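Dumped target_38.pdb below, it's PDB, C-alpha atoms and all ligand atoms:
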```
MODEL        1
ATOM      1  CA  MET K   1      -8.452  10.522   6.121  1.00  0.00           C
ATOM      2  CA  ASN K   2     -11.378   8.218   5.295  1.00  0.00           C
ATOM      3  CA  PHE K   3     -11.094   4.934   3.417  1.00  0.00           C
ATOM      4  CA  TYR K   4     -14.271   3.292   2.065  1.00  0.00           C
ATOM      5  CA  VAL K   5     -13.997  -0.269   0.758  1.00  0.00           C
ATOM      6  CA  MET K   6     -16.769  -1.589  -1.501  1.00  0.00           C
ATOM      7  CA  THR K   7     -16.597  -5.361  -1.146  1.00  0.00           C
ATOM      8  CA  LEU K   8     -18.569  -8.614  -0.984  1.00  0.00           C
ATOM      9  CA  PHE K   9     -16.424  -9.648   2.011  1.00  0.00           C
ATOM     10  CA  PRO K  10     -16.569  -6.797   4.555  1.00  0.00           C
ATOM     11  CA  GLU K  11     -15.424  -9.013   7.455  1.00  0.00           C
ATOM     12  CA  MET K  12     -12.171  -9.652   5.612  1.00  0.00           C
ATOM     13  CA  ILE K  13     -11.401  -5.935   5.780  1.00  0.00           C
ATOM     14  CA  SER K  14     -12.534  -5.291   9.362  1.00  0.00           C
ATOM     15  CA  GLN K  15     -10.698  -8.332  10.704  1.00  0.00           C
ATOM     16  CA  VAL K  16      -7.364  -7.468   9.146  1.00  0.00           C
ATOM     17  CA  MET K  17      -7.445  -3.684   9.571  1.00  0.00           C
ATOM     18  CA  GLY K  18      -8.628  -3.722  13.202  1.00  0.00           C
ATOM     19  CA  ASP K  19      -5.223  -4.547  14.700  1.00  0.00           C
ATOM     20  CA  SER K  20      -1.784  -3.020  15.146  1.00  0.00           C
ATOM     21  CA  ILE K  21      -0.825   0.461  13.975  1.00  0.00           C
ATOM     22  CA  ILE K  22      -3.696   0.890  11.505  1.00  0.00           C
ATOM     23  CA  GLY K  23      -6.235  -0.353  14.084  1.00  0.00           C
ATOM     24  CA  ARG K  24      -4.872   2.097  16.654  1.00  0.00           C
ATOM     25  CA  ALA K  25      -5.115   5.013  14.172  1.00  0.00           C
ATOM     26  CA  ALA K  26      -8.730   4.081  13.371  1.00  0.00           C
ATOM     27  CA  GLU K  27      -9.566   3.880  17.077  1.00  0.00           C
ATOM     28  CA  THR K  28      -8.175   7.348  17.793  1.00  0.00           C
ATOM     29  CA  GLY K  29      -9.963   8.796  14.745  1.00  0.00           C
ATOM     30  CA  THR K  30      -6.856   9.806  12.771  1.00  0.00           C
ATOM     31  CA  ILE K  31      -8.198   7.645   9.941  1.00  0.00           C
ATOM     32  CA  SER K  32     -11.410   5.714   9.343  1.00  0.00           C
ATOM     33  CA  ILE K  33     -11.781   2.476   7.399  1.00  0.00           C
ATOM     34  CA  THR K  34     -15.354   1.630   6.410  1.00  0.00           C
ATOM     35  CA  PRO K  35     -16.090  -1.649   4.637  1.00  0.00           C
ATOM     36  CA  VAL K  36     -19.356  -1.377   2.684  1.00  0.00           C
ATOM     37  CA  ASN K  37     -21.122  -4.574   1.612  1.00  0.00           C
ATOM     38  CA  ILE K  38     -22.076  -4.364  -2.072  1.00  0.00           C
ATOM     39  CA  ARG K  39     -24.651  -7.130  -1.525  1.00  0.00           C
ATOM     40  CA  ASP K  40     -26.685  -4.794   0.723  1.00  0.00           C
ATOM     41  CA  TYR K  41     -27.483  -2.729  -2.390  1.00  0.00           C
ATOM     42  CA  THR K  42     -28.752  -5.427  -4.750  1.00  0.00           C
ATOM     43  CA  GLN K  43     -32.317  -5.099  -6.009  1.00  0.00           C
ATOM     44  CA  ASP K  44     -32.374  -8.811  -6.914  1.00  0.00           C
ATOM     45  CA  LYS K  45     -34.876 -10.746  -4.802  1.00  0.00           C
ATOM     46  CA  HIS K  46     -32.371 -13.574  -4.356  1.00  0.00           C
ATOM     47  CA  LYS K  47     -29.660 -11.056  -3.389  1.00  0.00           C
ATOM     48  CA  HIS K  48     -27.535 -11.967  -6.413  1.00  0.00           C
ATOM     49  CA  VAL K  49     -24.797  -9.491  -7.308  1.00  0.00           C
ATOM     50  CA  ASP K  50     -23.399 -11.308 -10.370  1.00  0.00           C
ATOM     51  CA  ASP K  51     -24.618 -12.900 -13.603  1.00  0.00           C
ATOM     52  CA  TYR K  52     -23.385 -14.857 -16.646  1.00  0.00           C
ATOM     53  CA  PRO K  53     -21.111 -13.011 -19.088  1.00  0.00           C
ATOM     54  CA  TYR K  54     -22.683 -11.823 -22.359  1.00  0.00           C
ATOM     55  CA  GLY K  55     -21.041 -13.708 -25.201  1.00  0.00           C
ATOM     56  CA  GLY K  56     -20.456 -16.759 -23.018  1.00  0.00           C
ATOM     57  CA  GLY K  57     -17.337 -17.968 -21.278  1.00  0.00           C
ATOM     58  CA  ALA K  58     -16.365 -19.175 -17.836  1.00  0.00           C
ATOM     59  CA  GLY K  59     -17.232 -17.545 -14.528  1.00  0.00           C
ATOM     60  CA  MET K  60     -19.595 -14.827 -13.423  1.00  0.00           C
ATOM     61  CA  VAL K  61     -19.459 -11.057 -13.773  1.00  0.00           C
ATOM     62  CA  MET K  62     -20.324  -8.588 -11.006  1.00  0.00           C
ATOM     63  CA  GLN K  63     -23.296  -6.446 -12.036  1.00  0.00           C
ATOM     64  CA  ALA K  64     -23.273  -2.660 -12.323  1.00  0.00           C
ATOM     65  CA  GLN K  65     -26.430  -1.794 -10.335  1.00  0.00           C
ATOM     66  CA  PRO K  66     -25.422  -2.873  -6.791  1.00  0.00           C
ATOM     67  CA  ILE K  67     -21.969  -1.325  -7.202  1.00  0.00           C
ATOM     68  CA  TYR K  68     -23.449   1.944  -8.469  1.00  0.00           C
ATOM     69  CA  ASP K  69     -25.976   2.236  -5.625  1.00  0.00           C
ATOM     70  CA  CYS K  70     -23.251   1.377  -3.099  1.00  0.00           C
ATOM     71  CA  TYR K  71     -21.024   4.086  -4.605  1.00  0.00           C
ATOM     72  CA  ARG K  72     -23.834   6.689  -4.517  1.00  0.00           C
ATOM     73  CA  ASP K  73     -24.442   5.942  -0.844  1.00  0.00           C
ATOM     74  CA  ILE K  74     -20.765   6.497   0.005  1.00  0.00           C
ATOM     75  CA  VAL K  75     -20.570   9.712  -2.030  1.00  0.00           C
ATOM     76  CA  GLU K  76     -23.535  11.097  -0.048  1.00  0.00           C
ATOM     77  CA  LYS K  77     -21.234  10.957   2.990  1.00  0.00           C
ATOM     78  CA  THR K  78     -17.993  12.160   1.393  1.00  0.00           C
ATOM     79  CA  GLY K  79     -19.245  14.922  -0.860  1.00  0.00           C
ATOM     80  CA  PRO K  80     -18.398  15.162  -4.547  1.00  0.00           C
ATOM     81  CA  ALA K  81     -16.056  12.954  -6.542  1.00  0.00           C
ATOM     82  CA  PRO K  82     -13.501  11.240  -4.337  1.00  0.00           C
ATOM     83  CA  ARG K  83     -10.972   9.125  -6.251  1.00  0.00           C
ATOM     84  CA  VAL K  84     -12.233   5.570  -6.836  1.00  0.00           C
ATOM     85  CA  ILE K  85      -9.535   2.911  -7.032  1.00  0.00           C
ATOM     86  CA  TYR K  86     -10.152  -0.384  -8.807  1.00  0.00           C
ATOM     87  CA  MET K  87      -7.646  -3.128  -7.976  1.00  0.00           C
ATOM     88  CA  THR K  88      -6.692  -4.981 -11.139  1.00  0.00           C
ATOM     89  CA  PRO K  89      -3.583  -6.599 -12.629  1.00  0.00           C
ATOM     90  CA  GLN K  90      -4.341  -4.353 -15.631  1.00  0.00           C
ATOM     91  CA  GLY K  91      -3.585  -1.177 -13.636  1.00  0.00           C
ATOM     92  CA  ARG K  92      -0.361   0.770 -13.189  1.00  0.00           C
ATOM     93  CA  VAL K  93       1.864  -0.822 -10.551  1.00  0.00           C
ATOM     94  CA  PHE K  94       1.549   0.609  -7.030  1.00  0.00           C
ATOM     95  CA  ASP K  95       4.709   2.074  -5.462  1.00  0.00           C
ATOM     96  CA  GLN K  96       5.779   4.472  -2.697  1.00  0.00           C
ATOM     97  CA  ALA K  97       5.244   7.522  -4.925  1.00  0.00           C
ATOM     98  CA  ALA K  98       1.646   6.407  -5.600  1.00  0.00           C
ATOM     99  CA  ALA K  99       1.119   5.879  -1.850  1.00  0.00           C
ATOM    100  CA  GLN K 100       2.430   9.393  -1.204  1.00  0.00           C
ATOM    101  CA  SER K 101       0.125  10.944  -3.782  1.00  0.00           C
ATOM    102  CA  LEU K 102      -2.972   9.101  -2.507  1.00  0.00           C
ATOM    103  CA  ALA K 103      -2.120  10.031   1.118  1.00  0.00           C
ATOM    104  CA  GLY K 104      -2.919  13.639   0.207  1.00  0.00           C
ATOM    105  CA  GLU K 105      -6.615  12.835  -0.387  1.00  0.00           C
ATOM    106  CA  GLU K 106      -9.298  13.341   2.262  1.00  0.00           C
ATOM    107  CA  ASN K 107     -11.489  10.435   1.087  1.00  0.00           C
ATOM    108  CA  LEU K 108     -10.691   7.364  -1.007  1.00  0.00           C
ATOM    109  CA  ILE K 109     -13.025   4.663  -2.294  1.00  0.00           C
ATOM    110  CA  PHE K 110     -11.720   1.178  -3.146  1.00  0.00           C
ATOM    111  CA  LEU K 111     -13.779  -1.135  -5.364  1.00  0.00           C
ATOM    112  CA  CYS K 112     -12.909  -4.805  -4.822  1.00  0.00           C
ATOM    113  CA  GLY K 113     -13.694  -7.032  -7.801  1.00  0.00           C
ATOM    114  CA  HIS K 114     -14.249 -10.783  -7.629  1.00  0.00           C
ATOM    115  CA  TYR K 115     -15.160 -13.740  -9.818  1.00  0.00           C
ATOM    116  CA  GLU K 116     -14.148 -13.272 -13.447  1.00  0.00           C
ATOM    117  CA  GLY K 117     -14.607  -9.531 -13.392  1.00  0.00           C
ATOM    118  CA  VAL K 118     -16.871  -6.534 -13.125  1.00  0.00           C
ATOM    119  CA  ASP K 119     -19.224  -5.117 -15.768  1.00  0.00           C
ATOM    120  CA  GLU K 120     -17.040  -2.709 -17.753  1.00  0.00           C
ATOM    121  CA  ARG K 121     -19.699   0.019 -17.783  1.00  0.00           C
ATOM    122  CA  ILE K 122     -19.548   0.633 -14.030  1.00  0.00           C
ATOM    123  CA  LEU K 123     -15.747   0.768 -14.201  1.00  0.00           C
ATOM    124  CA  GLU K 124     -15.969   3.373 -16.981  1.00  0.00           C
ATOM    125  CA  GLU K 125     -18.478   5.386 -14.996  1.00  0.00           C
ATOM    126  CA  ILE K 126     -16.951   5.620 -11.523  1.00  0.00           C
ATOM    127  CA  VAL K 127     -13.299   4.443 -11.478  1.00  0.00           C
ATOM    128  CA  THR K 128     -10.575   7.125 -11.526  1.00  0.00           C
ATOM    129  CA  ASP K 129      -7.493   4.906 -10.887  1.00  0.00           C
ATOM    130  CA  ASN K 130      -6.779   1.331 -12.016  1.00  0.00           C
ATOM    131  CA  ILE K 131      -3.994   0.009  -9.775  1.00  0.00           C
ATOM    132  CA  SER K 132      -2.125  -3.321  -9.611  1.00  0.00           C
ATOM    133  CA  ILE K 133       0.034  -4.438  -6.689  1.00  0.00           C
ATOM    134  CA  GLY K 134       2.291  -6.524  -8.934  1.00  0.00           C
ATOM    135  CA  ASP K 135       2.449  -8.752 -11.978  1.00  0.00           C
ATOM    136  CA  TYR K 136       0.577 -11.756 -10.611  1.00  0.00           C
ATOM    137  CA  VAL K 137      -3.125 -12.610 -10.362  1.00  0.00           C
ATOM    138  CA  LEU K 138      -5.068 -12.733  -7.077  1.00  0.00           C
ATOM    139  CA  THR K 139      -8.603 -14.024  -6.495  1.00  0.00           C
ATOM    140  CA  GLY K 140     -10.048 -10.682  -5.449  1.00  0.00           C
ATOM    141  CA  GLY K 141      -9.389  -7.023  -4.722  1.00  0.00           C
ATOM    142  CA  GLU K 142      -9.570  -7.183  -0.912  1.00  0.00           C
ATOM    143  CA  LEU K 143      -5.911  -8.081  -0.255  1.00  0.00           C
ATOM    144  CA  PRO K 144      -4.540  -5.478  -2.685  1.00  0.00           C
ATOM    145  CA  ALA K 145      -6.913  -2.856  -1.213  1.00  0.00           C
ATOM    146  CA  MET K 146      -5.579  -3.593   2.267  1.00  0.00           C
ATOM    147  CA  VAL K 147      -1.972  -3.509   1.055  1.00  0.00           C
ATOM    148  CA  MET K 148      -2.577  -0.064  -0.392  1.00  0.00           C
ATOM    149  CA  ILE K 149      -4.519   1.234   2.635  1.00  0.00           C
ATOM    150  CA  ASP K 150      -1.676   0.129   4.923  1.00  0.00           C
ATOM    151  CA  ALA K 151       0.961   1.856   2.771  1.00  0.00           C
ATOM    152  CA  ILE K 152      -1.121   5.059   2.412  1.00  0.00           C
ATOM    153  CA  ALA K 153      -2.406   5.295   6.003  1.00  0.00           C
ATOM    154  CA  ARG K 154       1.062   5.112   7.581  1.00  0.00           C
ATOM    155  CA  LEU K 155       1.970   8.294   5.658  1.00  0.00           C
ATOM    156  CA  VAL K 156      -0.981  10.223   7.128  1.00  0.00           C
ATOM    157  CA  PRO K 157       0.297  12.613   9.839  1.00  0.00           C
ATOM    158  CA  GLY K 158      -0.389  11.209  13.327  1.00  0.00           C
ATOM    159  CA  VAL K 159      -0.683   7.545  12.294  1.00  0.00           C
ATOM    160  CA  LEU K 160       2.914   6.656  13.155  1.00  0.00           C
ATOM    161  CA  ASN K 161       4.423   7.861  16.405  1.00  0.00           C
ATOM    162  CA  ASN K 162       7.961   9.289  16.561  1.00  0.00           C
ATOM    163  CA  ARG K 163       9.569   5.924  17.119  1.00  0.00           C
ATOM    164  CA  GLU K 164       7.812   4.437  14.083  1.00  0.00           C
ATOM    165  CA  SER K 165       8.631   7.459  11.920  1.00  0.00           C
ATOM    166  CA  ALA K 166       8.462   6.967   8.152  1.00  0.00           C
ATOM    167  CA  GLU K 167      11.398   9.350   7.702  1.00  0.00           C
ATOM    168  CA  TYR K 168      14.065   6.660   7.329  1.00  0.00           C
ATOM    169  CA  ASP K 169      11.972   4.056   5.486  1.00  0.00           C
ATOM    170  CA  SER K 170      13.121   2.155   2.470  1.00  0.00           C
ATOM    171  CA  PHE K 171      12.169   4.155  -0.667  1.00  0.00           C
ATOM    172  CA  GLN K 172      11.705   7.423   1.234  1.00  0.00           C
ATOM    173  CA  ASP K 173      14.833   8.761  -0.522  1.00  0.00           C
ATOM    174  CA  GLY K 174      14.849   6.195  -3.325  1.00  0.00           C
ATOM    175  CA  LEU K 175      17.153   3.776  -1.428  1.00  0.00           C
ATOM    176  CA  LEU K 176      16.589   0.657   0.682  1.00  0.00           C
ATOM    177  CA  GLU K 177      16.845   0.967   4.453  1.00  0.00           C
ATOM    178  CA  TYR K 178      20.099   0.129   6.308  1.00  0.00           C
ATOM    179  CA  PRO K 179      20.220  -2.980   8.571  1.00  0.00           C
ATOM    180  CA  GLN K 180      19.139  -2.726  12.223  1.00  0.00           C
ATOM    181  CA  TYR K 181      20.470  -4.519  15.324  1.00  0.00           C
ATOM    182  CA  THR K 182      19.377  -4.827  18.944  1.00  0.00           C
ATOM    183  CA  ARG K 183      20.668  -6.706  22.021  1.00  0.00           C
ATOM    184  CA  PRO K 184      22.583  -8.942  22.508  1.00  0.00           C
ATOM    185  CA  GLU K 185      25.894  -7.795  21.026  1.00  0.00           C
ATOM    186  CA  GLU K 186      26.640 -11.367  19.933  1.00  0.00           C
ATOM    187  CA  PHE K 187      24.124 -13.853  18.470  1.00  0.00           C
ATOM    188  CA  HIS K 188      25.286 -17.297  17.225  1.00  0.00           C
ATOM    189  CA  GLY K 189      28.779 -15.868  16.843  1.00  0.00           C
ATOM    190  CA  ARG K 190      27.564 -12.882  14.791  1.00  0.00           C
ATOM    191  CA  MET K 191      28.604  -9.511  16.191  1.00  0.00           C
ATOM    192  CA  VAL K 192      26.804  -6.175  16.002  1.00  0.00           C
ATOM    193  CA  PRO K 193      28.909  -3.903  13.737  1.00  0.00           C
ATOM    194  CA  GLU K 194      31.492  -2.106  15.901  1.00  0.00           C
ATOM    195  CA  VAL K 195      30.586   1.390  14.709  1.00  0.00           C
ATOM    196  CA  LEU K 196      27.045   1.093  16.156  1.00  0.00           C
ATOM    197  CA  LEU K 197      28.530   0.620  19.630  1.00  0.00           C
ATOM    198  CA  SER K 198      30.920   3.578  19.254  1.00  0.00           C
ATOM    199  CA  GLY K 199      28.485   6.353  20.242  1.00  0.00           C
ATOM    200  CA  HIS K 200      29.994   8.438  17.421  1.00  0.00           C
ATOM    201  CA  HIS K 201      26.854   9.737  15.681  1.00  0.00           C
ATOM    202  CA  GLN K 202      28.537  11.091  12.596  1.00  0.00           C
ATOM    203  CA  HIS K 203      30.327   7.773  11.969  1.00  0.00           C
ATOM    204  CA  ILE K 204      27.056   5.920  12.540  1.00  0.00           C
ATOM    205  CA  ASP K 205      25.189   8.139  10.063  1.00  0.00           C
ATOM    206  CA  THR K 206      27.907   7.646   7.446  1.00  0.00           C
ATOM    207  CA  TRP K 207      27.928   3.866   7.980  1.00  0.00           C
ATOM    208  CA  ARG K 208      24.140   3.671   7.682  1.00  0.00           C
ATOM    209  CA  ARG K 209      24.089   5.734   4.510  1.00  0.00           C
ATOM    210  CA  GLN K 210      26.779   3.506   2.991  1.00  0.00           C
ATOM    211  CA  GLN K 211      24.878   0.365   3.996  1.00  0.00           C
ATOM    212  CA  SER K 212      21.760   1.778   2.279  1.00  0.00           C
ATOM    213  CA  LEU K 213      23.770   2.400  -0.875  1.00  0.00           C
ATOM    214  CA  LEU K 214      25.415  -1.047  -0.758  1.00  0.00           C
ATOM    215  CA  ARG K 215      22.114  -2.859  -0.185  1.00  0.00           C
ATOM    216  CA  THR K 216      20.350  -0.998  -2.943  1.00  0.00           C
ATOM    217  CA  LYS K 217      23.234  -1.714  -5.335  1.00  0.00           C
ATOM    218  CA  GLU K 218      23.208  -5.433  -4.480  1.00  0.00           C
ATOM    219  CA  ARG K 219      19.469  -6.055  -4.188  1.00  0.00           C
ATOM    220  CA  ARG K 220      17.768  -3.412  -6.351  1.00  0.00           C
ATOM    221  CA  PRO K 221      20.247  -1.970  -8.871  1.00  0.00           C
ATOM    222  CA  ASP K 222      17.240  -0.575 -10.777  1.00  0.00           C
ATOM    223  CA  LEU K 223      16.384   1.645  -7.781  1.00  0.00           C
ATOM    224  CA  LEU K 224      19.993   2.807  -7.422  1.00  0.00           C
ATOM    225  CA  ALA K 225      20.074   3.880 -11.069  1.00  0.00           C
ATOM    226  CA  ALA K 226      16.766   5.749 -10.580  1.00  0.00           C
ATOM    227  CA  ALA K 227      18.055   7.446  -7.399  1.00  0.00           C
ATOM    228  CA  GLU K 228      21.156   8.585  -9.271  1.00  0.00           C
ATOM    229  CA  GLN K 229      19.038   9.937 -12.156  1.00  0.00           C
ATOM    230  CA  SER K 230      16.766  11.844  -9.760  1.00  0.00           C
ATOM    231  CA  GLY K 231      19.727  13.539  -8.086  1.00  0.00           C
ATOM    232  CA  TYR K 232      19.137  11.839  -4.717  1.00  0.00           C
ATOM    233  CA  LEU K 233      22.838  10.925  -4.389  1.00  0.00           C
ATOM    234  CA  SER K 234      25.394  13.326  -2.900  1.00  0.00           C
ATOM    235  CA  PRO K 235      29.036  13.591  -4.064  1.00  0.00           C
ATOM    236  CA  ALA K 236      29.970  11.533  -0.952  1.00  0.00           C
ATOM    237  CA  ASP K 237      27.463   8.830  -1.984  1.00  0.00           C
ATOM    238  CA  LEU K 238      28.899   8.705  -5.500  1.00  0.00           C
ATOM    239  CA  ALA K 239      32.462   8.536  -4.145  1.00  0.00           C
ATOM    240  CA  TYR K 240      31.493   5.611  -1.907  1.00  0.00           C
ATOM    241  CA  LEU K 241      29.865   3.736  -4.807  1.00  0.00           C
ATOM    242  CA  GLU K 242      32.962   4.423  -6.920  1.00  0.00           C
ATOM    243  CA  SER K 243      35.119   2.907  -4.136  1.00  0.00           C
ATOM    244  CA  LEU K 244      33.135  -0.363  -4.377  1.00  0.00           C
ATOM    245  CA  GLN K 245      34.122  -1.056  -7.985  1.00  0.00           C
TER
HETATM  246  N1  LIG K 301      -6.693  -8.342  -8.518  1.00  0.00           N
HETATM  247  C1  LIG K 301      -6.229  -9.524  -8.939  1.00  0.00           C
HETATM  248  N2  LIG K 301      -4.911  -9.500  -9.051  1.00  0.00           N
HETATM  249  C2  LIG K 301      -4.497  -8.260  -8.704  1.00  0.00           C
HETATM  250  C3  LIG K 301      -3.243  -7.605  -8.617  1.00  0.00           C
HETATM  251  N3  LIG K 301      -2.103  -8.205  -8.921  1.00  0.00           N
HETATM  252  N4  LIG K 301      -3.217  -6.326  -8.217  1.00  0.00           N
HETATM  253  C4  LIG K 301      -4.350  -5.699  -7.918  1.00  0.00           C
HETATM  254  N5  LIG K 301      -5.559  -6.247  -7.991  1.00  0.00           N
HETATM  255  C5  LIG K 301      -5.638  -7.515  -8.377  1.00  0.00           C
ENDMDL
END
```
This structure in structure tokens:
Amino acid sequence: MNFYVMTLFPEMISQVMGDSIIGRAAETGTISITPVNIRDYTQDKHKHVDDYPYGGGAGMVMQAQPIYDCYRDIVEKTGPAPRVIYMTPQGRVFDQAAAQSLAGEENLIFLCGHYEGVDERILEEIVTDNISIGDYVLTGGELPAMVMIDAIARLVPGVLNNRESAEYDSFQDGLLEYPQYTRPEEFHGRMVPEVLLSGHHQHIDTWRRQQSLLRTKERRPDLLAAAEQSGYLSPADLAYLESLQ
């Protein structure tokens, strides 16, 4: 899977995405992440990529021409019409289901906005998905693009190894993940739950499932209600939740 990031700050992308699991996947060729500098495409002799807003007002607006030429150059490599994601607080809010759907694409293009905004006409022309990473305002699209790339890339087959498997993640079945413990058995007087030391796999699985249910009920009751609605909960799950009342 290939990620292209149109940005005025390409080093921001390469520095952050070069390490850890995503960096390893890019090195082995399972994914590629290509930052593309919008400024390289400006036809302005002073290399400007922004200008004053028509109608007045504060700040500068990114111009359509450099973004369009940058986009055309990427599409020459990918072939026709990959999805183009624009990061904006005005978009629909990103979640695990959105990550899953985008992970099925072969190529994705991210357009990172800056300053006060981007000329609306280029957004109308090339953007297929407006996506927000939450109801707060950031200074640019680079961080949200990297948040999304991380969440999408780890779902691409071969990016995680067996031990990092996404199978038991939070949200994978609509619930939060159960708590994890490692050595030592006692830390500051806090003990590892007895059942995890028992070697009894069925008891461990049941305990973990119940911890997932309990956590989701306590921390994200909205998710628990959604999981129940979607039929993710078994009769045993429902009986356990009933027993908590
Ligand atoms: N750009 C600025 N704020 C943003 C947000 N919350 N999500 C996505 N892109 C943004």
Next item on the list: Could you give me the residues within 10 Å of ligand LIG 301 (chain K), counting only C-alpha atoms and all ligand atoms, as a VMD selection string?
Entry: chain K and resid 86 to 94 112 to 117 130 to 145 147 to 148
Next, the residues of the selection above should be written as a JSON list (two decimals), in the coordinates of the input with C-alpha atoms.
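Printed below is part-v6.json as written:
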```
[["chain", "number", "residue", "atom", "x", "y", "z"],
["K", 86, "TYR", "CA", -10.15, -0.38, -8.81],
["K", 87, "MET", "CA", -7.65, -3.13, -7.98],
["K", 88, "THR", "CA", -6.69, -4.98, -11.14],
["K", 89, "PRO", "CA", -3.58, -6.60, -12.63],
["K", 90, "GLN", "CA", -4.34, -4.35, -15.63],
["K", 91, "GLY", "CA", -3.58, -1.18, -13.64],
["K", 92, "ARG", "CA", -0.36, 0.77, -13.19],
["K", 93, "VAL", "CA", 1.86, -0.82, -10.55],
["K", 94, "PHE", "CA", 1.55, 0.61, -7.03],
["K", 112, "CYS", "CA", -12.91, -4.80, -4.82],
["K", 113, "GLY", "CA", -13.69, -7.03, -7.80],
["K", 114, "HIS", "CA", -14.25, -10.78, -7.63],
["K", 115, "TYR", "CA", -15.16, -13.74, -9.82],
["K", 116, "GLU", "CA", -14.15, -13.27, -13.45],
["K", 117, "GLY", "CA", -14.61, -9.53, -13.39],
["K", 130, "ASN", "CA", -6.78, 1.33, -12.02],
["K", 131, "ILE", "CA", -3.99, 0.01, -9.78],
["K", 132, "SER", "CA", -2.12, -3.32, -9.61],
["K", 133, "ILE", "CA", 0.03, -4.44, -6.69],
["K", 134, "GLY", "CA", 2.29, -6.52, -8.93],
["K", 135, "ASP", "CA", 2.45, -8.75, -11.98],
["K", 136, "TYR", "CA", 0.58, -11.76, -10.61],
["K", 137, "VAL", "CA", -3.12, -12.61, -10.36],
["K", 138, "LEU", "CA", -5.07, -12.73, -7.08],
["K", 139, "THR", "CA", -8.60, -14.02, -6.50],
["K", 140, "GLY", "CA", -10.05, -10.68, -5.45],
["K", 141, "GLY", "CA", -9.39, -7.02, -4.72],
["K", 142, "GLU", "CA", -9.57, -7.18, -0.91],
["K", 143, "LEU", "CA", -5.91, -8.08, -0.26],
["K", 144, "PRO", "CA", -4.54, -5.48, -2.68],
["K", 145, "ALA", "CA", -6.91, -2.86, -1.21],
["K", 147, "VAL", "CA", -1.97, -3.51, 1.06],
["K", 148, "MET", "CA", -2.58, -0.06, -0.39]]
```
Note to self: For stretch 29-34 of chain K, find every residue with an atom within 8 Å (counting all atoms listed in the file), except residues of its own chain fewer than 6 positions away, and show them as number ranges by chain.
What the structure shows: K: 1-5, 17, 153, 158-159
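Neighbourhood of point (-24.2, -13.9, -10.4): residues with an atom at most 8 Å away, counting all atoms listed in the file, are His48, Val49, Asp50, Asp51, Tyr52, Met60, Val61, Met62 and Gln63 of chain K.
Nearest to K:Ile204 of all the residues K:Ala97, K:Ala58, K:Ile109, K:Gln180 is K:Gln180, counting only C-alpha atoms.
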Note to self: Assuming the chain letters and numbering stay as they are in my file, what does the PyMOL selection byres (((chain K and resi 72) around 12) and not hetatm) actually select? List them as a ChimeraX atom specification.
What the structure shows: /K:6,36,38,41,65-71,73-82,84,109,125-126
Next item on the list: Might you pull out every residue within 10 Å of K:Arg83, with all atoms listed in the file counted and same-chain residues fewer than 5 positions away left off, and present them as a count of residues only?
Entry: 11
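For stretch 230-234 of chain K, the non-local neighbours within 9 Å, defined as residues at least 5 positions apart in the same chain or in other chains and counting all atoms listed in the file, are K:Asp173, K:Gly174, K:Leu175, K:Ala225, K:Ala239.
You will find atom CA of K:Glu228 at 10.9 Å from atom CA of K:Leu241.
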With N, CA, C and O atoms as the atom set, please write stretch 171-178 of chain K from the structure just given, as a CSV table (one decimal), in the first residue's frame.
```csv
chain,number,residue,atom,x,y,z
K,171,PHE,N,-11.4,-2.0,20.1
K,171,PHE,CA,-12.3,-1.6,18.9
K,171,PHE,C,-12.4,-2.7,17.9
K,171,PHE,O,-13.3,-2.7,17.1
K,172,GLN,N,-11.5,-3.7,17.9
K,172,GLN,CA,-11.6,-4.7,16.8
K,172,GLN,C,-12.9,-5.4,16.9
K,172,GLN,O,-13.5,-5.7,15.9
K,173,ASP,N,-13.5,-5.6,18.1
K,173,ASP,CA,-14.8,-6.2,18.2
K,173,ASP,C,-15.8,-5.2,18.9
K,173,ASP,O,-16.7,-5.6,19.5
K,174,GLY,N,-15.5,-3.9,18.8
K,174,GLY,CA,-16.3,-2.9,19.4
K,174,GLY,C,-16.1,-2.7,20.9
K,174,GLY,O,-16.8,-1.9,21.5
K,175,LEU,N,-15.2,-3.4,21.5
K,175,LEU,CA,-14.9,-3.3,22.9
K,175,LEU,C,-13.5,-2.8,23.1
K,175,LEU,O,-12.6,-2.9,22.3
K,176,LEU,N,-13.2,-2.3,24.3
K,176,LEU,CA,-11.8,-1.9,24.7
K,176,LEU,C,-11.0,-3.1,25.1
K,176,LEU,O,-11.6,-4.2,25.5
K,177,GLU,N,-9.7,-3.1,25.0
K,177,GLU,CA,-8.9,-4.2,25.2
K,177,GLU,C,-8.8,-4.5,26.8
K,177,GLU,O,-8.9,-3.5,27.6
K,178,TYR,N,-8.6,-5.7,27.1
K,178,TYR,CA,-8.4,-6.1,28.6
K,178,TYR,C,-7.0,-5.7,29.0
K,178,TYR,O,-6.1,-5.4,28.2
```
